[in-house]
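Taking it in order: structure first as structure tokens, then the write-up.
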Amino acid sequence: MIDVSTAEFIVNSISFLCAYIFVVTLTGAFRAWVGVRMGDISIEHAGFVTLNPFVHVQPIGILFLLLQSFGVGSFISVNPDYIQGRYRWLKLACAFYSDTVLNGLSAIVGMFLLIVVFDINIIRIVECIIHNRDASHMYMAYYYPTYSSSAIVAGYIVAAAVSLNVGLMVVEFLFNSCILIFSLLIRPSFFNNYDMALYELIAWVVLVLFFFPPLIKLVATIITHIGFTLAYTLHFIP
């Protein structure tokens, strides 16, 4: 017989899995689409310009999602050598940071919807999910006893999506910055492809270790503030 803690774990896992599939599929397809539009046709040949979840979801990402409530999707490599012509630096920025921008916008929309549908107290729950990874849909059921179970679960999925978008926004920004810097400034003079991959990975790990926690806090604060300001400005909350 399933007890309360087991049922809670199942609901939470399914909620985060639904949010994960939606977030990484939308983000991956958008990054691929922008990359192709900027000139990197290799992305289209690799089959990433699609909303098929099986292309963007990674088994290792799902494993980390179940263990840590955070996971990444398929990495879509952008080759800067294909992106040439006028405004090349702007095109490179669009190609490399399109997923970061979309994650930020998606997080803002999700936070805005949560505040409108529930109230400003939902911010505490979302922040708890982002920072501690230990909040569950039971928190929402406790704070909002008049809401139906389906509304609670739907709200928790949106909150999980906001959390994933915030985390991916930071991770992708750091990783894309490493790749872009190494590709444009270092590779032509010093490293072969193997060295490039190794040093990119080392640099990214170092950046994540030192900058991930403060950046997560900063981004979460900004997203929360923007979502609240939008809801207040549009008179959805008093």
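By order in the structure tokens, chains are A, B, ...; within a chain, residues start at 1; ligands start at 1, following the order shown.
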
Query raised in the report: Among stretch 62-229 of chain A, which ones does DSSP place in helix (DSSP H, G or I), written as a PyMOL selection string?
Result: chain A and resi 62-68+80-82+88-117+122-132+137-143+149-186+193-229

Taking only C-alpha atoms into account, produce a table as CSV in which each residue of stretch 49-94 of chain A with an atom at most 8 Å from an atom of stretch 160-171 of chain A appears once, together with its shortest atom pair and the distance in Å to one decimal, ordered by chain and rising number.
residue,atom,partner,partner_atom,distance
A:Phe70,CA,A:Leu164,CA,6.3
A:Gly71,CA,A:Leu164,CA,7.7
A:Val72,CA,A:Leu168,CA,7.1

Emit the selected residues as a PDB file, in the first residue's frame, including N, CA and C atoms.
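Resulting contents of part_22.pdb:
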ATOM      1  N   PHE A  70      16.777  18.726 -10.993  1.00  0.00           N
ATOM      2  CA  PHE A  70      17.337  19.594 -12.024  1.00  0.00           C
ATOM      3  C   PHE A  70      18.028  18.735 -13.067  1.00  0.00           C
ATOM      4  N   GLY A  71      17.752  19.026 -14.334  1.00  0.00           N
ATOM      5  CA  GLY A  71      18.380  18.264 -15.399  1.00  0.00           C
ATOM      6  C   GLY A  71      18.500  19.091 -16.658  1.00  0.00           C
ATOM      7  N   VAL A  72      19.462  18.747 -17.507  1.00  0.00           N
ATOM      8  CA  VAL A  72      19.682  19.448 -18.768  1.00  0.00           C
ATOM      9  C   VAL A  72      19.256  18.556 -19.919  1.00  0.00           C
TER      10      VAL A  72
END

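The spacing separating atom CA of A:Gly73 from atom CA of A:Phe228 amounts to 28.8 Å.
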
Closest-contact table, stretch 61-169 of chain A side, partner stretch 209-225 of chain A, 8 Å, counting only C-alpha atoms, as JSON lines:
{"residue": "A:Gly104", "atom": "CA", "partner": "A:Ile223", "partner_atom": "CA", "distance": 7.4}
{"residue": "A:Ala107", "atom": "CA", "partner": "A:Ile223", "partner_atom": "CA", "distance": 6.7}
{"residue": "A:Ile108", "atom": "CA", "partner": "A:Ile223", "partner_atom": "CA", "distance": 5.4}
{"residue": "A:Met111", "atom": "CA", "partner": "A:Thr224", "partner_atom": "CA", "distance": 6.6}
{"residue": "A:Ile123", "atom": "CA", "partner": "A:Thr224", "partner_atom": "CA", "distance": 7.0}
{"residue": "A:Glu127", "atom": "CA", "partner": "A:Ala220", "partner_atom": "CA", "distance": 7.3}
{"residue": "A:Ile130", "atom": "CA", "partner": "A:Ala220", "partner_atom": "CA", "distance": 7.6}
{"residue": "A:His131", "atom": "CA", "partner": "A:Lys217", "partner_atom": "CA", "distance": 7.6}
{"residue": "A:Val166", "atom": "CA", "partner": "A:Ala220", "partner_atom": "CA", "distance": 6.5}
{"residue": "A:Gly167", "atom": "CA", "partner": "A:Ile216", "partner_atom": "CA", "distance": 6.6}

Query raised in the report: Looking at A:Met38, A:Ile129, A:Ile21, A:Leu67, which one is nearest to A:Lys91, with distances taken over only C-alpha atoms?
Result: A:Met38

Excluding same-chain residues fewer than 2 positions from stretch 44-55 of chain A, what lies within 9 Å of it counting only C-alpha atoms, as an mmCIF file with N, CA, C and O atoms, in the first residue's frame?
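Now in result.cif:
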data_model
loop_
_atom_site.group_PDB
_atom_site.id
_atom_site.type_symbol
_atom_site.label_atom_id
_atom_site.label_comp_id
_atom_site.auth_asym_id
_atom_site.auth_seq_id
_atom_site.Cartn_x
_atom_site.Cartn_y
_atom_site.Cartn_z
ATOM 1 N N ILE A 21 10.422 17.962 -19.601
ATOM 2 C CA ILE A 21 10.209 17.639 -21.014
ATOM 3 C C ILE A 21 9.782 18.873 -21.785
ATOM 4 O O ILE A 21 10.286 19.150 -22.887
ATOM 5 N N PHE A 22 8.861 19.638 -21.217
ATOM 6 C CA PHE A 22 8.378 20.843 -21.897
ATOM 7 C C PHE A 22 9.491 21.876 -22.029
ATOM 8 O O PHE A 22 9.697 22.443 -23.113
ATOM 9 N N VAL A 24 12.972 21.661 -21.802
ATOM 10 C CA VAL A 24 14.147 21.357 -22.638
ATOM 11 C C VAL A 24 13.756 21.203 -24.106
ATOM 12 O O VAL A 24 14.564 21.516 -24.995
ATOM 13 N N THR A 25 12.542 20.737 -24.379
ATOM 14 C CA THR A 25 12.104 20.610 -25.773
ATOM 15 C C THR A 25 11.925 21.982 -26.408
ATOM 16 O O THR A 25 12.419 22.241 -27.514
ATOM 17 N N LEU A 26 11.224 22.867 -25.713
ATOM 18 C CA LEU A 26 11.007 24.211 -26.246
ATOM 19 C C LEU A 26 12.323 24.972 -26.378
ATOM 20 O O LEU A 26 12.591 25.602 -27.413
ATOM 21 N N GLY A 28 15.459 23.749 -26.561
ATOM 22 C CA GLY A 28 16.333 23.142 -27.568
ATOM 23 C C GLY A 28 15.890 23.457 -28.981
ATOM 24 O O GLY A 28 16.720 23.789 -29.841
ATOM 25 N N ALA A 29 14.589 23.356 -29.245
ATOM 26 C CA ALA A 29 14.079 23.642 -30.586
ATOM 27 C C ALA A 29 14.303 25.106 -30.957
ATOM 28 O O ALA A 29 14.661 25.425 -32.099
ATOM 29 N N PHE A 30 14.125 25.987 -29.980
ATOM 30 C CA PHE A 30 14.319 27.413 -30.250
ATOM 31 C C PHE A 30 15.789 27.726 -30.510
ATOM 32 O O PHE A 30 16.111 28.480 -31.430
ATOM 33 N N ARG A 31 16.682 27.162 -29.704
ATOM 34 C CA ARG A 31 18.125 27.379 -29.920
ATOM 35 C C ARG A 31 18.533 26.870 -31.303
ATOM 36 O O ARG A 31 19.302 27.538 -32.020
ATOM 37 N N ALA A 32 18.032 25.706 -31.682
ATOM 38 C CA ALA A 32 18.367 25.146 -32.989
ATOM 39 C C ALA A 32 17.829 26.030 -34.114
ATOM 40 O O ALA A 32 18.534 26.292 -35.102
ATOM 41 N N TRP A 33 16.601 26.491 -33.964
ATOM 42 C CA TRP A 33 15.988 27.337 -34.989
ATOM 43 C C TRP A 33 16.763 28.634 -35.167
ATOM 44 O O TRP A 33 17.044 29.056 -36.290
ATOM 45 N N GLY A 35 19.923 29.189 -34.317
ATOM 46 C CA GLY A 35 21.241 28.880 -34.848
ATOM 47 C C GLY A 35 21.228 28.705 -36.355
ATOM 48 O O GLY A 35 22.127 29.187 -37.061
ATOM 49 N N VAL A 36 20.214 28.021 -36.863
ATOM 50 C CA VAL A 36 20.099 27.834 -38.309
ATOM 51 C C VAL A 36 19.851 29.163 -39.004
ATOM 52 O O VAL A 36 20.451 29.457 -40.051
ATOM 53 N N ASP A 40 24.224 28.592 -39.145
ATOM 54 C CA ASP A 40 24.818 27.283 -38.857
ATOM 55 C C ASP A 40 23.881 26.170 -39.335
ATOM 56 O O ASP A 40 23.041 25.673 -38.584
ATOM 57 N N ILE A 41 24.030 25.780 -40.586
ATOM 58 C CA ILE A 41 23.147 24.776 -41.171
ATOM 59 C C ILE A 41 23.418 23.378 -40.617
ATOM 60 O O ILE A 41 22.596 22.470 -40.797
ATOM 61 N N SER A 42 24.565 23.177 -39.952
ATOM 62 C CA SER A 42 24.887 21.859 -39.394
ATOM 63 C C SER A 42 23.881 21.453 -38.321
ATOM 64 O O SER A 42 23.639 20.261 -38.099
ATOM 65 N N VAL A 57 15.369 15.433 -25.026
ATOM 66 C CA VAL A 57 15.449 14.864 -23.674
ATOM 67 C C VAL A 57 16.633 13.907 -23.597
ATOM 68 O O VAL A 57 16.857 13.108 -24.513
ATOM 69 N N GLN A 58 17.382 13.983 -22.500
ATOM 70 C CA GLN A 58 18.534 13.111 -22.286
ATOM 71 C C GLN A 58 18.295 12.186 -21.091
ATOM 72 O O GLN A 58 17.807 12.638 -20.046
ATOM 73 N N GLY A 73 18.974 19.162 -21.057
ATOM 74 C CA GLY A 73 18.604 18.422 -22.248
ATOM 75 C C GLY A 73 19.793 18.194 -23.155
ATOM 76 O O GLY A 73 20.956 18.363 -22.753
ATOM 77 N N SER A 74 19.511 17.813 -24.382
ATOM 78 C CA SER A 74 20.576 17.577 -25.358
ATOM 79 C C SER A 74 21.329 18.868 -25.640
ATOM 80 O O SER A 74 20.712 19.933 -25.786
ATOM 81 N N ILE A 76 23.088 21.354 -27.928
ATOM 82 C CA ILE A 76 23.065 21.713 -29.349
ATOM 83 C C ILE A 76 24.274 22.593 -29.624
ATOM 84 O O ILE A 76 24.320 23.760 -29.227
#

Query - Selection near stretch 93-96 of chain A, 12 Å with only C-alpha atoms, sequence-local residues under 5 positions removed, as an MDAnalysis selection string - result: chainID A and resid 28 30:41 43 75:80 82:84 87:88 101:102 172:181 183

Query raised in the report: With distances taken over only C-alpha atoms, which of A:Val205, A:Ala231, A:Val23, A:Leu185 is nearest to A:Asn103?
Result: A:Val23

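The shell of residues at most 10 Å from A:Tyr156, with only C-alpha atoms counted and near chain neighbours (fewer than 6 positions) removed, consists of Val11, Asn12, Ser15, Phe16, Ala19, Leu114, Ile122, Ile125, Val126, Ile129, Ala135, Ser136, His137, Met138, Tyr139, Met140, Ala141, Ser150 and Val162 of chain A.
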